[in-house]
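**Student:** Dropping in structure_25.cif, which is mmCIF, C-alpha atoms and all ligand atoms; chains and numbers go by the auth columns:
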```
data_input
#
loop_
_atom_site.group_PDB
_atom_site.id
_atom_site.type_symbol
_atom_site.label_atom_id
_atom_site.label_comp_id
_atom_site.label_asym_id
_atom_site.label_seq_id
_atom_site.Cartn_x
_atom_site.Cartn_y
_atom_site.Cartn_z
_atom_site.B_iso_or_equiv
_atom_site.auth_seq_id
_atom_site.auth_asym_id
ATOM 1 C CA MET A 1 -1.193 -17.967 7.962 0.00 1 I
ATOM 2 C CA ARG A 2 -1.334 -14.443 6.564 0.00 2 I
ATOM 3 C CA LYS A 3 -4.077 -13.749 4.030 0.00 3 I
ATOM 4 C CA LYS A 4 -2.723 -12.157 0.892 0.00 4 I
ATOM 5 C CA ILE A 5 -3.704 -8.556 0.214 0.00 5 I
ATOM 6 C CA ILE A 6 -3.738 -7.193 -3.288 0.00 6 I
ATOM 7 C CA ALA A 7 -4.404 -3.504 -3.749 0.00 7 I
ATOM 8 C CA GLY A 8 -4.752 -1.478 -6.904 0.00 8 I
ATOM 9 C CA ASN A 9 -3.334 2.037 -6.704 0.00 9 I
ATOM 10 C CA TRP A 10 -5.155 3.900 -9.428 0.00 10 I
ATOM 11 C CA LYS A 11 -3.030 7.038 -8.833 0.00 11 I
ATOM 12 C CA MET A 12 -4.447 10.092 -10.656 0.00 12 I
ATOM 13 C CA ASN A 13 -6.479 8.097 -13.149 0.00 13 I
ATOM 14 C CA LYS A 14 -10.197 7.654 -13.856 0.00 14 I
ATOM 15 C CA THR A 15 -12.942 10.224 -13.617 0.00 15 I
ATOM 16 C CA PRO A 16 -15.983 9.120 -11.595 0.00 16 I
ATOM 17 C CA LYS A 17 -17.682 7.869 -14.755 0.00 17 I
ATOM 18 C CA GLU A 18 -14.594 5.986 -15.911 0.00 18 I
ATOM 19 C CA ALA A 19 -14.127 4.610 -12.383 0.00 19 I
ATOM 20 C CA LEU A 20 -17.579 3.061 -12.459 0.00 20 I
ATOM 21 C CA GLU A 21 -16.877 1.441 -15.829 0.00 21 I
ATOM 22 C CA LEU A 22 -13.660 -0.083 -14.472 0.00 22 I
ATOM 23 C CA VAL A 23 -15.333 -1.317 -11.295 0.00 23 I
ATOM 24 C CA HIS A 24 -18.186 -2.932 -13.209 0.00 24 I
ATOM 25 C CA ASN A 25 -15.660 -4.608 -15.440 0.00 25 I
ATOM 26 C CA LEU A 26 -13.456 -5.895 -12.621 0.00 26 I
ATOM 27 C CA LYS A 27 -15.705 -6.642 -9.684 0.00 27 I
ATOM 28 C CA ASN A 28 -16.827 -10.071 -10.855 0.00 28 I
ATOM 29 C CA LYS A 29 -13.384 -11.000 -12.113 0.00 29 I
ATOM 30 C CA VAL A 30 -11.602 -10.933 -8.744 0.00 30 I
ATOM 31 C CA ASP A 31 -11.804 -13.746 -6.248 0.00 31 I
ATOM 32 C CA THR A 32 -11.941 -12.276 -2.731 0.00 32 I
ATOM 33 C CA ASP A 33 -11.869 -15.673 -0.970 0.00 33 I
ATOM 34 C CA LYS A 34 -8.139 -16.150 -1.259 0.00 34 I
ATOM 35 C CA ALA A 35 -6.978 -12.552 -0.970 0.00 35 I
ATOM 36 C CA ASP A 36 -8.188 -9.265 0.441 0.00 36 I
ATOM 37 C CA VAL A 37 -8.744 -6.933 -2.475 0.00 37 I
ATOM 38 C CA VAL A 38 -8.597 -3.144 -2.256 0.00 38 I
ATOM 39 C CA PHE A 39 -9.159 -0.456 -4.870 0.00 39 I
ATOM 40 C CA CYS A 40 -7.256 2.710 -3.874 0.00 40 I
ATOM 41 C CA VAL A 41 -9.026 5.299 -5.951 0.00 41 I
ATOM 42 C CA PRO A 42 -8.788 9.093 -6.363 0.00 42 I
ATOM 43 C CA ALA A 43 -10.712 10.969 -3.637 0.00 43 I
ATOM 44 C CA ILE A 44 -13.476 12.084 -5.975 0.00 44 I
ATOM 45 C CA ASP A 45 -14.153 8.487 -7.027 0.00 45 I
ATOM 46 C CA ILE A 46 -14.489 7.139 -3.488 0.00 46 I
ATOM 47 C CA ILE A 47 -18.214 7.656 -2.965 0.00 47 I
ATOM 48 C CA PRO A 48 -19.392 6.242 -6.317 0.00 48 I
ATOM 49 C CA VAL A 49 -16.921 3.341 -6.116 0.00 49 I
ATOM 50 C CA VAL A 50 -17.972 2.401 -2.566 0.00 50 I
ATOM 51 C CA ASP A 51 -21.560 2.414 -3.796 0.00 51 I
ATOM 52 C CA ALA A 52 -20.746 0.294 -6.842 0.00 52 I
ATOM 53 C CA LEU A 53 -18.910 -2.273 -4.684 0.00 53 I
ATOM 54 C CA LYS A 54 -21.790 -2.815 -2.232 0.00 54 I
ATOM 55 C CA GLY A 55 -22.497 -6.522 -1.928 0.00 55 I
ATOM 56 C CA THR A 56 -18.902 -7.481 -2.793 0.00 56 I
ATOM 57 C CA ASN A 57 -15.955 -8.087 -0.454 0.00 57 I
ATOM 58 C CA ILE A 58 -13.756 -5.595 -2.280 0.00 58 I
ATOM 59 C CA SER A 59 -12.650 -2.708 -0.056 0.00 59 I
ATOM 60 C CA VAL A 60 -11.968 0.868 -1.028 0.00 60 I
ATOM 61 C CA GLY A 61 -8.796 2.700 -0.070 0.00 61 I
ATOM 62 C CA ALA A 62 -7.651 6.296 -0.329 0.00 62 I
ATOM 63 C CA GLN A 63 -4.257 7.357 -1.655 0.00 63 I
ATOM 64 C CA ASN A 64 -3.473 9.950 1.024 0.00 64 I
ATOM 65 C CA MET A 65 -4.964 11.774 4.012 0.00 65 I
ATOM 66 C CA HIS A 66 -3.999 14.523 6.459 0.00 66 I
ATOM 67 C CA PHE A 67 -2.822 13.798 9.998 0.00 67 I
ATOM 68 C CA LYS A 68 -5.044 16.424 11.627 0.00 68 I
ATOM 69 C CA ASP A 69 -8.736 15.959 12.369 0.00 69 I
ATOM 70 C CA ASN A 70 -9.868 19.085 10.494 0.00 70 I
ATOM 71 C CA GLY A 71 -8.971 22.713 9.982 0.00 71 I
ATOM 72 C CA ALA A 72 -7.415 25.197 7.589 0.00 72 I
ATOM 73 C CA PHE A 73 -5.583 22.766 5.295 0.00 73 I
ATOM 74 C CA THR A 74 -6.800 23.690 1.835 0.00 74 I
ATOM 75 C CA GLY A 75 -6.971 20.770 -0.537 0.00 75 I
ATOM 76 C CA GLU A 76 -6.530 18.096 2.113 0.00 76 I
ATOM 77 C CA ILE A 77 -8.827 15.294 3.206 0.00 77 I
ATOM 78 C CA SER A 78 -9.345 13.948 6.737 0.00 78 I
ATOM 79 C CA ALA A 79 -9.622 10.448 8.131 0.00 79 I
ATOM 80 C CA ASP A 80 -13.198 11.104 9.286 0.00 80 I
ATOM 81 C CA MET A 81 -14.201 12.162 5.781 0.00 81 I
ATOM 82 C CA LEU A 82 -12.721 8.984 4.349 0.00 82 I
ATOM 83 C CA ILE A 83 -14.318 6.770 6.975 0.00 83 I
ATOM 84 C CA GLU A 84 -17.766 8.295 6.501 0.00 84 I
ATOM 85 C CA ALA A 85 -17.427 7.721 2.760 0.00 85 I
ATOM 86 C CA GLY A 86 -16.741 4.012 3.370 0.00 86 I
ATOM 87 C CA VAL A 87 -12.952 3.850 3.088 0.00 87 I
ATOM 88 C CA LYS A 88 -11.109 1.093 4.983 0.00 88 I
ATOM 89 C CA TYR A 89 -7.478 1.502 3.855 0.00 89 I
ATOM 90 C CA VAL A 90 -5.235 4.452 3.128 0.00 90 I
ATOM 91 C CA ILE A 91 -1.919 4.494 1.308 0.00 91 I
ATOM 92 C CA ILE A 92 0.625 6.477 3.326 0.00 92 I
ATOM 93 C CA GLY A 93 3.971 7.751 2.092 0.00 93 I
ATOM 94 C CA HIS A 94 3.888 6.556 -1.496 0.00 94 I
ATOM 95 C CA SER A 95 7.196 7.448 -3.139 0.00 95 I
ATOM 96 C CA GLU A 96 5.378 9.787 -5.530 0.00 96 I
ATOM 97 C CA ARG A 97 4.078 11.734 -2.529 0.00 97 I
ATOM 98 C CA ARG A 98 7.524 11.720 -0.944 0.00 98 I
ATOM 99 C CA GLN A 99 9.048 12.927 -4.225 0.00 99 I
ATOM 100 C CA TYR A 100 6.513 15.511 -5.431 0.00 100 I
ATOM 101 C CA PHE A 101 4.584 16.571 -2.304 0.00 101 I
ATOM 102 C CA ASN A 102 7.250 16.847 0.387 0.00 102 I
ATOM 103 C CA GLU A 103 6.103 13.798 2.304 0.00 103 I
ATOM 104 C CA THR A 104 8.799 12.968 4.871 0.00 104 I
ATOM 105 C CA ASP A 105 9.427 10.120 7.285 0.00 105 I
ATOM 106 C CA GLU A 106 7.970 12.398 9.946 0.00 106 I
ATOM 107 C CA THR A 107 4.685 13.126 8.143 0.00 107 I
ATOM 108 C CA VAL A 108 4.424 9.460 7.161 0.00 108 I
ATOM 109 C CA ASN A 109 4.644 8.550 10.853 0.00 109 I
ATOM 110 C CA LYS A 110 2.059 11.184 11.855 0.00 110 I
ATOM 111 C CA LYS A 111 -0.333 10.005 9.150 0.00 111 I
ATOM 112 C CA ALA A 112 0.154 6.343 10.007 0.00 112 I
ATOM 113 C CA LEU A 113 -0.533 7.020 13.698 0.00 113 I
ATOM 114 C CA HIS A 114 -3.593 9.096 12.903 0.00 114 I
ATOM 115 C CA ALA A 115 -4.981 6.530 10.447 0.00 115 I
ATOM 116 C CA ILE A 116 -4.557 3.749 13.013 0.00 116 I
ATOM 117 C CA GLU A 117 -6.165 5.788 15.800 0.00 117 I
ATOM 118 C CA LYS A 118 -9.135 6.410 13.557 0.00 118 I
ATOM 119 C CA GLY A 119 -9.488 2.751 12.596 0.00 119 I
ATOM 120 C CA LEU A 120 -8.190 2.956 9.034 0.00 120 I
ATOM 121 C CA THR A 121 -5.603 0.418 7.893 0.00 121 I
ATOM 122 C CA PRO A 122 -2.527 2.223 6.597 0.00 122 I
ATOM 123 C CA ILE A 123 -0.625 0.777 3.662 0.00 123 I
ATOM 124 C CA ILE A 124 2.776 2.307 4.428 0.00 124 I
ATOM 125 C CA CYS A 125 5.096 2.553 1.429 0.00 125 I
ATOM 126 C CA VAL A 126 8.864 2.223 1.631 0.00 126 I
ATOM 127 C CA GLY A 127 11.519 1.647 -1.007 0.00 127 I
ATOM 128 C CA GLU A 128 14.880 2.706 -2.320 0.00 128 I
ATOM 129 C CA THR A 129 16.046 4.662 -5.353 0.00 129 I
ATOM 130 C CA LEU A 130 18.202 3.061 -8.044 0.00 130 I
ATOM 131 C CA GLU A 131 21.179 4.991 -6.709 0.00 131 I
ATOM 132 C CA GLN A 132 20.671 3.554 -3.236 0.00 132 I
ATOM 133 C CA ARG A 133 20.387 0.039 -4.648 0.00 133 I
ATOM 134 C CA GLU A 134 23.586 0.499 -6.627 0.00 134 I
ATOM 135 C CA LYS A 135 25.357 1.686 -3.490 0.00 135 I
ATOM 136 C CA ALA A 136 24.117 -1.484 -1.736 0.00 136 I
ATOM 137 C CA ILE A 137 22.346 0.468 1.022 0.00 137 I
ATOM 138 C CA THR A 138 18.816 -0.727 0.196 0.00 138 I
ATOM 139 C CA VAL A 139 18.222 -2.797 3.311 0.00 139 I
ATOM 140 C CA ASP A 140 19.684 -0.184 5.682 0.00 140 I
ATOM 141 C CA PHE A 141 17.602 2.558 4.086 0.00 141 I
ATOM 142 C CA VAL A 142 14.355 0.595 4.116 0.00 142 I
ATOM 143 C CA ARG A 143 14.910 -0.464 7.728 0.00 143 I
ATOM 144 C CA ILE A 144 15.166 3.214 8.703 0.00 144 I
ATOM 145 C CA GLN A 145 11.993 4.035 6.770 0.00 145 I
ATOM 146 C CA VAL A 146 10.103 1.256 8.559 0.00 146 I
ATOM 147 C CA ARG A 147 11.375 2.262 12.004 0.00 147 I
ATOM 148 C CA SER A 148 10.439 5.920 11.385 0.00 148 I
ATOM 149 C CA ALA A 149 6.987 5.079 10.048 0.00 149 I
ATOM 150 C CA LEU A 150 6.177 2.892 13.064 0.00 150 I
ATOM 151 C CA LYS A 151 7.491 5.253 15.755 0.00 151 I
ATOM 152 C CA ASP A 152 5.021 5.260 18.703 0.00 152 I
ATOM 153 C CA VAL A 153 2.814 2.642 17.024 0.00 153 I
ATOM 154 C CA SER A 154 2.050 -0.003 19.663 0.00 154 I
ATOM 155 C CA ALA A 155 2.562 -3.717 19.101 0.00 155 I
ATOM 156 C CA GLU A 156 -1.192 -4.272 19.113 0.00 156 I
ATOM 157 C CA GLN A 157 -1.680 -1.552 16.494 0.00 157 I
ATOM 158 C CA ALA A 158 1.249 -2.706 14.378 0.00 158 I
ATOM 159 C CA ARG A 159 -0.315 -6.132 13.799 0.00 159 I
ATOM 160 C CA HIS A 160 -2.883 -4.585 11.463 0.00 160 I
ATOM 161 C CA VAL A 161 -0.559 -2.369 9.488 0.00 161 I
ATOM 162 C CA VAL A 162 0.293 -3.213 5.882 0.00 162 I
ATOM 163 C CA ILE A 163 3.752 -2.347 4.561 0.00 163 I
ATOM 164 C CA ALA A 164 4.315 -2.006 0.821 0.00 164 I
ATOM 165 C CA TYR A 165 7.874 -2.440 -0.380 0.00 165 I
ATOM 166 C CA GLU A 166 8.084 -0.469 -3.609 0.00 166 I
ATOM 167 C CA PRO A 167 11.559 0.012 -5.069 0.00 167 I
ATOM 168 C CA ILE A 168 11.329 3.383 -6.819 0.00 168 I
ATOM 169 C CA TRP A 169 13.266 2.138 -9.846 0.00 169 I
ATOM 170 C CA ALA A 170 10.590 -0.500 -10.446 0.00 170 I
ATOM 171 C CA ILE A 171 7.583 1.835 -10.316 0.00 171 I
ATOM 172 C CA GLY A 172 6.006 2.448 -13.683 0.00 172 I
ATOM 173 C CA THR A 173 9.170 1.392 -15.484 0.00 173 I
ATOM 174 C CA GLY A 174 8.249 -2.127 -16.538 0.00 174 I
ATOM 175 C CA VAL A 175 11.377 -3.265 -14.665 0.00 175 I
ATOM 176 C CA THR A 176 10.206 -5.529 -11.851 0.00 176 I
ATOM 177 C CA ALA A 177 12.428 -6.506 -8.954 0.00 177 I
ATOM 178 C CA THR A 178 13.286 -10.178 -9.243 0.00 178 I
ATOM 179 C CA SER A 179 11.429 -12.333 -6.756 0.00 179 I
ATOM 180 C CA GLU A 180 14.741 -12.836 -4.904 0.00 180 I
ATOM 181 C CA GLN A 181 15.395 -9.076 -4.673 0.00 181 I
ATOM 182 C CA ALA A 182 11.844 -8.419 -3.478 0.00 182 I
ATOM 183 C CA GLN A 183 11.964 -11.315 -1.004 0.00 183 I
ATOM 184 C CA GLU A 184 15.271 -10.136 0.447 0.00 184 I
ATOM 185 C CA VAL A 185 13.903 -6.699 1.314 0.00 185 I
ATOM 186 C CA CYS A 186 10.491 -7.958 2.477 0.00 186 I
ATOM 187 C CA ALA A 187 12.290 -10.413 4.804 0.00 187 I
ATOM 188 C CA ALA A 188 14.411 -7.530 6.141 0.00 188 I
ATOM 189 C CA ILE A 189 11.230 -5.523 6.782 0.00 189 I
ATOM 190 C CA ARG A 190 9.760 -8.440 8.714 0.00 190 I
ATOM 191 C CA GLU A 191 12.990 -8.750 10.650 0.00 191 I
ATOM 192 C CA VAL A 192 12.994 -5.094 11.696 0.00 192 I
ATOM 193 C CA ILE A 193 9.348 -5.381 12.781 0.00 193 I
ATOM 194 C CA GLY A 194 10.426 -8.346 14.917 0.00 194 I
ATOM 195 C CA GLU A 195 13.173 -6.205 16.461 0.00 195 I
ATOM 196 C CA ILE A 196 10.803 -3.313 17.230 0.00 196 I
ATOM 197 C CA TYR A 197 8.042 -5.556 18.611 0.00 197 I
ATOM 198 C CA ASN A 198 8.361 -9.346 18.668 0.00 198 I
ATOM 199 C CA ASP A 199 8.189 -12.381 16.372 0.00 199 I
ATOM 200 C CA ASP A 200 4.462 -12.664 16.838 0.00 200 I
ATOM 201 C CA VAL A 201 3.785 -9.203 15.430 0.00 201 I
ATOM 202 C CA ALA A 202 6.364 -9.708 12.674 0.00 202 I
ATOM 203 C CA ASP A 203 4.593 -12.889 11.695 0.00 203 I
ATOM 204 C CA GLU A 204 1.242 -11.167 11.411 0.00 204 I
ATOM 205 C CA VAL A 205 2.104 -7.973 9.518 0.00 205 I
ATOM 206 C CA ARG A 206 1.374 -8.185 5.823 0.00 206 I
ATOM 207 C CA ILE A 207 4.093 -6.985 3.463 0.00 207 I
ATOM 208 C CA GLN A 208 3.312 -6.251 -0.165 0.00 208 I
ATOM 209 C CA TYR A 209 5.604 -5.840 -3.111 0.00 209 I
ATOM 210 C CA GLY A 210 4.892 -3.088 -5.629 0.00 210 I
ATOM 211 C CA GLY A 211 6.610 -2.014 -8.833 0.00 211 I
ATOM 212 C CA SER A 212 5.588 -3.182 -12.313 0.00 212 I
ATOM 213 C CA VAL A 213 3.536 -6.107 -11.013 0.00 213 I
ATOM 214 C CA ASN A 214 1.502 -7.682 -13.808 0.00 214 I
ATOM 215 C CA GLY A 215 -0.384 -10.844 -14.673 0.00 215 I
ATOM 216 C CA SER A 216 2.787 -12.611 -15.752 0.00 216 I
ATOM 217 C CA ASN A 217 5.027 -11.941 -12.742 0.00 217 I
ATOM 218 C CA ALA A 218 2.504 -11.849 -9.872 0.00 218 I
ATOM 219 C CA ALA A 219 2.429 -15.595 -9.183 0.00 219 I
ATOM 220 C CA GLU A 220 6.172 -15.870 -8.733 0.00 220 I
ATOM 221 C CA LEU A 221 6.486 -12.727 -6.607 0.00 221 I
ATOM 222 C CA PHE A 222 3.538 -13.636 -4.366 0.00 222 I
ATOM 223 C CA SER A 223 4.847 -17.169 -3.833 0.00 223 I
ATOM 224 C CA MET A 224 7.853 -15.845 -1.922 0.00 224 I
ATOM 225 C CA PRO A 225 7.652 -16.517 1.835 0.00 225 I
ATOM 226 C CA ASP A 226 7.665 -12.879 2.993 0.00 226 I
ATOM 227 C CA ILE A 227 5.608 -11.347 0.167 0.00 227 I
ATOM 228 C CA ASP A 228 1.951 -11.218 1.117 0.00 228 I
ATOM 229 C CA GLY A 229 0.536 -9.689 -2.037 0.00 229 I
ATOM 230 C CA GLY A 230 1.027 -6.583 -4.076 0.00 230 I
ATOM 231 C CA LEU A 231 0.397 -2.900 -4.521 0.00 231 I
ATOM 232 C CA VAL A 232 -0.326 -2.595 -8.205 0.00 232 I
ATOM 233 C CA GLY A 233 -0.269 0.603 -10.237 0.00 233 I
ATOM 234 C CA GLY A 234 -0.665 0.519 -14.021 0.00 234 I
ATOM 235 C CA ALA A 235 -1.978 -3.045 -14.205 0.00 235 I
ATOM 236 C CA SER A 236 -4.765 -2.262 -11.709 0.00 236 I
ATOM 237 C CA LEU A 237 -6.447 -0.139 -14.386 0.00 237 I
ATOM 238 C CA LYS A 238 -6.845 -3.074 -16.746 0.00 238 I
ATOM 239 C CA ASP A 239 -8.418 -6.512 -16.918 0.00 239 I
ATOM 240 C CA ASP A 240 -4.970 -7.740 -15.961 0.00 240 I
ATOM 241 C CA PHE A 241 -5.834 -6.920 -12.334 0.00 241 I
ATOM 242 C CA GLY A 242 -8.281 -9.829 -12.293 0.00 242 I
ATOM 243 C CA GLY A 243 -5.430 -12.111 -13.340 0.00 243 I
ATOM 244 C CA ILE A 244 -3.134 -10.688 -10.677 0.00 244 I
ATOM 245 C CA VAL A 245 -5.659 -11.207 -7.868 0.00 245 I
ATOM 246 C CA ASN A 246 -6.503 -14.730 -9.049 0.00 246 I
ATOM 247 C CA TYR A 247 -2.881 -15.644 -9.720 0.00 247 I
HETATM 248 P P1 LIG B . 3.284 0.283 -11.232 0.00 1 Z
HETATM 249 O O1 LIG B . 2.592 -1.042 -10.925 0.00 1 Z
HETATM 250 O O2 LIG B . 2.607 1.052 -12.308 0.00 1 Z
HETATM 251 O O3 LIG B . 4.739 0.090 -11.430 0.00 1 Z
HETATM 252 O O4 LIG B . 3.106 1.178 -9.914 0.00 1 Z
HETATM 253 C C1 LIG B . 3.449 0.656 -8.687 0.00 1 Z
HETATM 254 C C2 LIG B . 2.970 1.587 -7.639 0.00 1 Z
HETATM 255 O O5 LIG B . 3.495 2.673 -7.489 0.00 1 Z
HETATM 256 C C3 LIG B . 1.851 1.164 -6.809 0.00 1 Z
HETATM 257 O O6 LIG B . 1.677 2.000 -5.724 0.00 1 Z
#
```
Any chance you could put this one into structure tokens?
Ligand code: 13P
**Tutor:**
Amino acid sequence: MRKKIIAGNWKMNKTPKEALELVHNLKNKVDTDKADVVFCVPAIDIIPVVDALKGTNISVGAQNMHFKDNGAFTGEISADMLIEAGVKYVIIGHSERRQYFNETDETVNKKALHAIEKGLTPIICVGETLEQREKAITVDFVRIQVRSALKDVSAEQARHVVIAYEPIWAIGTGVTATSEQAQEVCAAIREVIGEIYNDDVADEVRIQYGGSVNGSNAAELFSMPDIDGGLVGGASLKDDFGGIVNY
């Protein structure tokens, strides 16, 4: 039985002071017995947020990292830096990074491999545009994204990876995929993982849905057989996140 995993992606929101206010407000409102809970915060908020979450079972995640150990990469952050700061998860290949920061299937794969080698759990994001959905190529496209992201990842390593299915048309739009649409793609992701590895690995990998998840739609989405929780943007910055985790 896969444990649900619900992660908040704060994106570029909350100064360190505001981050602490949000954490103090939320940390006693989320039940970490039934689901793993992760706050993916801006890099500058990581250290204070890790500190503020001491004594809880809430983990901290980063929103990006570089695939090299160190070096002349101005503005980037390394896995070792994140780990020393107390980070356990890292979002890789969010559609906003693919769209605005030239993230490609190739860099997503390099980052995923590097995160895994270092002991971080990658939350690998995949998902189609509205145009792709209208052309009915969603499943084919997402299958390619998953295969590319997991290239050279071993079966043993793949077990611990988290995949987030985030249809781009549902992100920040208030338009959520129906539970059937989300289930269809999450099932296809599990199927392709089974083809790359085996049924055992496919059964273990946790697959999240993301895109306008809120307190009113979380329960239905997360009750679908192949949806193991959510990656939550806007609603993770509000009290609503407590309701989503405790759905
Ligand atoms: P919203 O929940 O704001 O639609 O964002 C989803 C997302 O991009 C999470 O990574």
**Student:** Tell me which of I:Ala7, I:Ala170, I:Ala149, I:Ala79 sits closest to Gly230 (chain I), counting only C-alpha atoms.
**Tutor:**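 Looking only at the distances to Gly230 (chain I), the closest residue turns out to be I:Ala7.
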**Student:** So how many Å separate CA of Ser95 (chain I) and CA of His160 (chain I), to one decimal?
**Tutor:**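 Here the two named atoms are 21.4 Å from each other.
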**Student:** Please write the residues picked by the PyMOL selection byres (((chain I and resi 128) around 7) and not hetatm) on this file as a list in words.
**Tutor:**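 Written out, the selection comes to Gly127, Thr129, Leu130, Gln132, Arg133, Thr138, Phe141, Val142, Pro167 and Ile168 of chain I.
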**Student:** Evaluated on this file, the PyMOL selection byres (((not hetatm)) within 9 of (chain Z and resi 1)) picks out some residues - which ones are they, written as a PyMOL selection string?
**Tutor:** chain I and resi 7-11+63+91+94-96+125+164+166-176+209-214+230-236
**Student:** CA of Tyr247 (chain I) and CA of Asp31 (chain I) are how many Å apart?
**Tutor:** 9.8 Å
**Student:** Any idea what the distance is between CA of Val245 (chain I) and CA of Glu21 (chain I)?
**Tutor:**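 Pair CA of Val245 (chain I) / CA of Glu21 (chain I) returns 18.7 Å.
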